[in-house]
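Student: Before we start, here is the structure in question, set down as structure tokens.
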Amino acid sequence: MAGNSSSGGRQPERRGNVVLIGFMGTGKSSVGRRVADSLGFTYVDTDQIVVDLTGKPIPRLFAEEGEETFRRWETEALRQCAASERQVIATGGGIVTQPRNHEILREAGYVIWLRATPERIYDRVARNTDRPLLQTADPLATIRDLLASREALYRACANEAVDTTDLTLEETAYGIAESARLALHGT
Ligand code: S3P
């Protein structure tokens with residue numbers, strides 16, 4: 001698996017989930033569904049839980065109530081996920097921007113950071129309008145800026161990193177399922 005970055009030291013007590021973090025367009029949802037199938041786990045997605053809790057699609061929630069309110073719902077969604085076991089938890093790309101989420105992430109399970117270059121991310125999200133933070137005049141520049149500001153946060157929260165730039169969804173999912181089996185069960 002590319003880009004392993006074990007954090008070393010003692011691991012905190014954690015639940016038996018796989019948690020996917022990483023920027024928009026790194027494949028958390030598509031990969032997460034495949035990994036869940038492969039492990040026989042339930043797939044959950046903090047963005048979807050926010051939509052269910054608020055009754056609003058994310059662009060509308062951002063437009064009507066602002067990012068801070070979205071972030072509060074996102075923490076609530078993460079807390080709900082972290083209370084269960086045997087799930088693959090796909091998180092929104094900005095979950096690491098809130099320090100209160102870091103401990104919840106680590107305790108929720110084995111945290112895998114999906115990475116990709118800004119250009120590859122741009123290719124994957126360019127035609128999509130459901131990401132409010134990328135509705136700017138120069139989305140590639142926005143991706144670069146946001147990535148630069150979040151890189152250290154993803155690294156701090158992750159048990160392992162996978163560079164998905166040149167991998168298919170299937171390759172990424174296979175690698176993650178193997179490494180999750182080892183991390184969660186030691187087999
Ligand atoms: C966001 C990422 C989105 C969603 C919201 C904000 C971010 O999730 O939570 O638009 O701040 O990076 P995905 O990473 O699933 O696109």
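Going through the structure tokens in order, the chains are called A, B, and so on, while each chain numbers its residues from 1 and the ligands are numbered from 1 in the order shown.
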Report as a ChimeraX atom specification all protein, DNA and RNA residues lying within 10 Å of region 90-92 of chain A, evaluated on only C-alpha atoms, omitting residues in the same chain fewer than 6 positions from it.

Tutor: /A:18-24,27-33,43-48,71,74,77-78,81,105,112

Student: Restricting the output to N, CA and C atoms, write the selected residues as a PDB file, in the first residue's frame.

Tutor:
```pdb
ATOM      1  N   VAL A  18     -13.700   1.185  10.584  1.00  0.00           N
ATOM      2  CA  VAL A  18     -12.717   1.776   9.681  1.00  0.00           C
ATOM      3  C   VAL A  18     -13.216   3.184   9.386  1.00  0.00           C
ATOM      4  N   VAL A  19     -12.356   4.183   9.586  1.00  0.00           N
ATOM      5  CA  VAL A  19     -12.761   5.566   9.370  1.00  0.00           C
ATOM      6  C   VAL A  19     -11.956   6.142   8.206  1.00  0.00           C
ATOM      7  N   LEU A  20     -12.653   6.649   7.202  1.00  0.00           N
ATOM      8  CA  LEU A  20     -11.969   7.234   6.042  1.00  0.00           C
ATOM      9  C   LEU A  20     -12.008   8.751   6.139  1.00  0.00           C
ATOM     10  N   ILE A  21     -10.822   9.355   6.130  1.00  0.00           N
ATOM     11  CA  ILE A  21     -10.732  10.814   6.092  1.00  0.00           C
ATOM     12  C   ILE A  21      -9.997  11.204   4.811  1.00  0.00           C
ATOM     13  N   GLY A  22     -10.110  12.475   4.438  1.00  0.00           N
ATOM     14  CA  GLY A  22      -9.391  12.945   3.255  1.00  0.00           C
ATOM     15  C   GLY A  22     -10.215  13.978   2.513  1.00  0.00           C
ATOM     16  N   PHE A  23      -9.538  14.629   1.591  1.00  0.00           N
ATOM     17  CA  PHE A  23     -10.146  15.744   0.874  1.00  0.00           C
ATOM     18  C   PHE A  23     -11.305  15.275  -0.005  1.00  0.00           C
ATOM     19  N   MET A  24     -12.183  16.218  -0.352  1.00  0.00           N
ATOM     20  CA  MET A  24     -13.242  15.944  -1.328  1.00  0.00           C
ATOM     21  C   MET A  24     -12.618  15.309  -2.567  1.00  0.00           C
ATOM     22  N   GLY A  27     -12.324   9.822  -3.008  1.00  0.00           N
ATOM     23  CA  GLY A  27     -12.982   8.515  -3.184  1.00  0.00           C
ATOM     24  C   GLY A  27     -13.506   7.894  -1.905  1.00  0.00           C
ATOM     25  N   LYS A  28     -13.647   8.699  -0.842  1.00  0.00           N
ATOM     26  CA  LYS A  28     -14.061   8.112   0.452  1.00  0.00           C
ATOM     27  C   LYS A  28     -15.372   7.335   0.336  1.00  0.00           C
ATOM     28  N   SER A  29     -16.376   7.900  -0.342  1.00  0.00           N
ATOM     29  CA  SER A  29     -17.683   7.229  -0.402  1.00  0.00           C
ATOM     30  C   SER A  29     -17.632   5.982  -1.280  1.00  0.00           C
ATOM     31  N   SER A  30     -17.081   6.123  -2.484  1.00  0.00           N
ATOM     32  CA  SER A  30     -17.058   4.975  -3.409  1.00  0.00           C
ATOM     33  C   SER A  30     -16.186   3.854  -2.852  1.00  0.00           C
ATOM     34  N   VAL A  31     -15.030   4.227  -2.325  1.00  0.00           N
ATOM     35  CA  VAL A  31     -14.134   3.228  -1.742  1.00  0.00           C
ATOM     36  C   VAL A  31     -14.777   2.644  -0.480  1.00  0.00           C
ATOM     37  N   GLY A  32     -15.369   3.518   0.312  1.00  0.00           N
ATOM     38  CA  GLY A  32     -15.968   3.074   1.583  1.00  0.00           C
ATOM     39  C   GLY A  32     -17.032   2.010   1.392  1.00  0.00           C
ATOM     40  N   ARG A  33     -17.867   2.176   0.369  1.00  0.00           N
ATOM     41  CA  ARG A  33     -18.915   1.171   0.100  1.00  0.00           C
ATOM     42  C   ARG A  33     -18.298  -0.176  -0.247  1.00  0.00           C
ATOM     43  N   TYR A  43     -21.905   0.441   5.879  1.00  0.00           N
ATOM     44  CA  TYR A  43     -21.333   1.690   5.366  1.00  0.00           C
ATOM     45  C   TYR A  43     -22.136   2.868   5.913  1.00  0.00           C
ATOM     46  N   VAL A  44     -21.459   3.835   6.505  1.00  0.00           N
ATOM     47  CA  VAL A  44     -22.134   5.066   6.938  1.00  0.00           C
ATOM     48  C   VAL A  44     -21.313   6.271   6.472  1.00  0.00           C
ATOM     49  N   ASP A  45     -21.979   7.424   6.390  1.00  0.00           N
ATOM     50  CA  ASP A  45     -21.371   8.594   5.764  1.00  0.00           C
ATOM     51  C   ASP A  45     -21.829   9.816   6.567  1.00  0.00           C
ATOM     52  N   THR A  46     -20.881  10.547   7.135  1.00  0.00           N
ATOM     53  CA  THR A  46     -21.290  11.668   8.001  1.00  0.00           C
ATOM     54  C   THR A  46     -22.099  12.713   7.225  1.00  0.00           C
ATOM     55  N   ASP A  47     -21.747  12.942   5.941  1.00  0.00           N
ATOM     56  CA  ASP A  47     -22.522  13.914   5.148  1.00  0.00           C
ATOM     57  C   ASP A  47     -23.984  13.471   5.045  1.00  0.00           C
ATOM     58  N   GLN A  48     -24.184  12.175   4.779  1.00  0.00           N
ATOM     59  CA  GLN A  48     -25.554  11.674   4.636  1.00  0.00           C
ATOM     60  C   GLN A  48     -26.316  11.787   5.960  1.00  0.00           C
ATOM     61  N   ARG A  71     -20.823  22.467  10.491  1.00  0.00           N
ATOM     62  CA  ARG A  71     -19.767  21.788  11.253  1.00  0.00           C
ATOM     63  C   ARG A  71     -20.299  21.219  12.569  1.00  0.00           C
ATOM     64  N   GLU A  74     -22.075  18.140  11.736  1.00  0.00           N
ATOM     65  CA  GLU A  74     -21.101  17.119  11.317  1.00  0.00           C
ATOM     66  C   GLU A  74     -20.491  16.428  12.555  1.00  0.00           C
ATOM     67  N   ALA A  77     -23.008  14.049  13.850  1.00  0.00           N
ATOM     68  CA  ALA A  77     -23.044  12.849  12.997  1.00  0.00           C
ATOM     69  C   ALA A  77     -21.873  11.928  13.328  1.00  0.00           C
ATOM     70  N   LEU A  78     -20.701  12.511  13.502  1.00  0.00           N
ATOM     71  CA  LEU A  78     -19.515  11.700  13.819  1.00  0.00           C
ATOM     72  C   LEU A  78     -19.684  11.006  15.170  1.00  0.00           C
ATOM     73  N   CYS A  81     -21.867   8.007  14.752  1.00  0.00           N
ATOM     74  CA  CYS A  81     -21.146   6.888  14.111  1.00  0.00           C
ATOM     75  C   CYS A  81     -20.193   6.225  15.093  1.00  0.00           C
ATOM     76  N   LEU A 105     -12.525  10.941  16.186  1.00  0.00           N
ATOM     77  CA  LEU A 105     -12.054  10.151  15.040  1.00  0.00           C
ATOM     78  C   LEU A 105     -11.160   9.010  15.514  1.00  0.00           C
ATOM     79  N   ILE A 112      -7.969   5.926   8.181  1.00  0.00           N
ATOM     80  CA  ILE A 112      -7.181   5.885   6.942  1.00  0.00           C
ATOM     81  C   ILE A 112      -7.420   7.172   6.151  1.00  0.00           C
TER      82      ILE A 112
END
```

Student: In chain A, what's strand (DSSP E) per DSSP? Answer as a VMD selection string?

Tutor: chain A and resid 18 to 22 42 to 45 87 to 90 110 to 115 160 to 163

Student: Keeping only C-alpha atoms, write those residues as a tab-separated table (two decimals), in the first residue's frame.

Tutor:
```
chain	number	residue	atom	x	y	z
A	18	VAL	CA	-12.72	1.78	9.68
A	19	VAL	CA	-12.76	5.57	9.37
A	20	LEU	CA	-11.97	7.23	6.04
A	21	ILE	CA	-10.73	10.81	6.09
A	22	GLY	CA	-9.39	12.95	3.26
A	42	THR	CA	-22.14	-1.37	7.48
A	43	TYR	CA	-21.33	1.69	5.37
A	44	VAL	CA	-22.13	5.07	6.94
A	45	ASP	CA	-21.37	8.59	5.76
A	87	GLN	CA	-18.85	0.12	10.18
A	88	VAL	CA	-16.89	1.84	7.46
A	89	ILE	CA	-17.34	5.53	8.27
A	90	ALA	CA	-16.79	7.94	5.36
A	110	TYR	CA	-8.73	2.69	12.49
A	111	VAL	CA	-8.33	5.96	10.57
A	112	ILE	CA	-7.18	5.89	6.94
A	113	TRP	CA	-6.35	9.07	5.06
A	114	LEU	CA	-7.09	9.00	1.34
A	115	ARG	CA	-4.81	11.37	-0.54
A	160	GLU	CA	-2.26	5.27	7.78
A	161	ALA	CA	-2.26	7.15	4.46
A	162	VAL	CA	-3.08	5.88	0.97
A	163	ASP	CA	-2.23	7.87	-2.14
```

Student: Per DSSP on the backbone, filter region 6-177 of chain A down to the residues in alpha helix (DSSP H) and report them as a PyMOL selection string.

Tutor: chain A and resi 28-39+46-54+58-82+100-108+118-125+139-157+169-177

Student: Using only C-alpha atoms for the distances, tell me which of A:Ala63, A:Ala152, A:Thr172, A:Thr69 is nearest to Asp130 (chain A).

Tutor: A:Ala63

Student: Need the shell around region 175-177 of chain A: protein/DNA/RNA residues with any atom at most 8 Å away, counting only C-alpha atoms. Skip same-chain ones fewer than 3 positions apart. Format as a ChimeraX atom specification?

Tutor: /A:1,35,38-39,112,171-172,180-181

Student: What is the distance, in Å and to one decimal place, between CA of Ile143 (chain A) and atom 5 (C, counted along the ligand's line) of ligand 1?

Tutor: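 Distance reported for this atom pair: 12.9 Å.
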
Student: Considering only C-alpha atoms, can you say which of A:Pro118, A:Pro57, A:Gly40, A:Pro99 comes closest to Ala156 (chain A)?

Tutor: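 Among A:Pro118, A:Pro57, A:Gly40, A:Pro99, it is A:Pro99 that comes nearest to Ala156 (chain A).
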
Student: Which of these, A:Leu140, A:Leu184, A:Ile49, A:Ala148, has the shortest distance to Ala126 (chain A) once you count only C-alpha atoms?

Tutor: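 Ranking A:Leu140, A:Leu184, A:Ile49, A:Ala148 by distance to Ala126 (chain A), first place goes to A:Leu140.
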
Student: Taking only C-alpha atoms into account, which of A:Tyr154, A:Leu169, A:His185, A:Ile121 comes nearest Gly25 (chain A)?

Tutor: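 Of A:Tyr154, A:Leu169, A:His185, A:Ile121, the one nearest Gly25 (chain A) is A:Ile121, counting only C-alpha atoms.
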
Student: For Thr129 (chain A), work out the shell of residues within 10 Å, counting only C-alpha atoms and skipping chain neighbours fewer than 5 positions away, then give it as a PyMOL selection string.

Tutor: chain A and resi 59+134-135
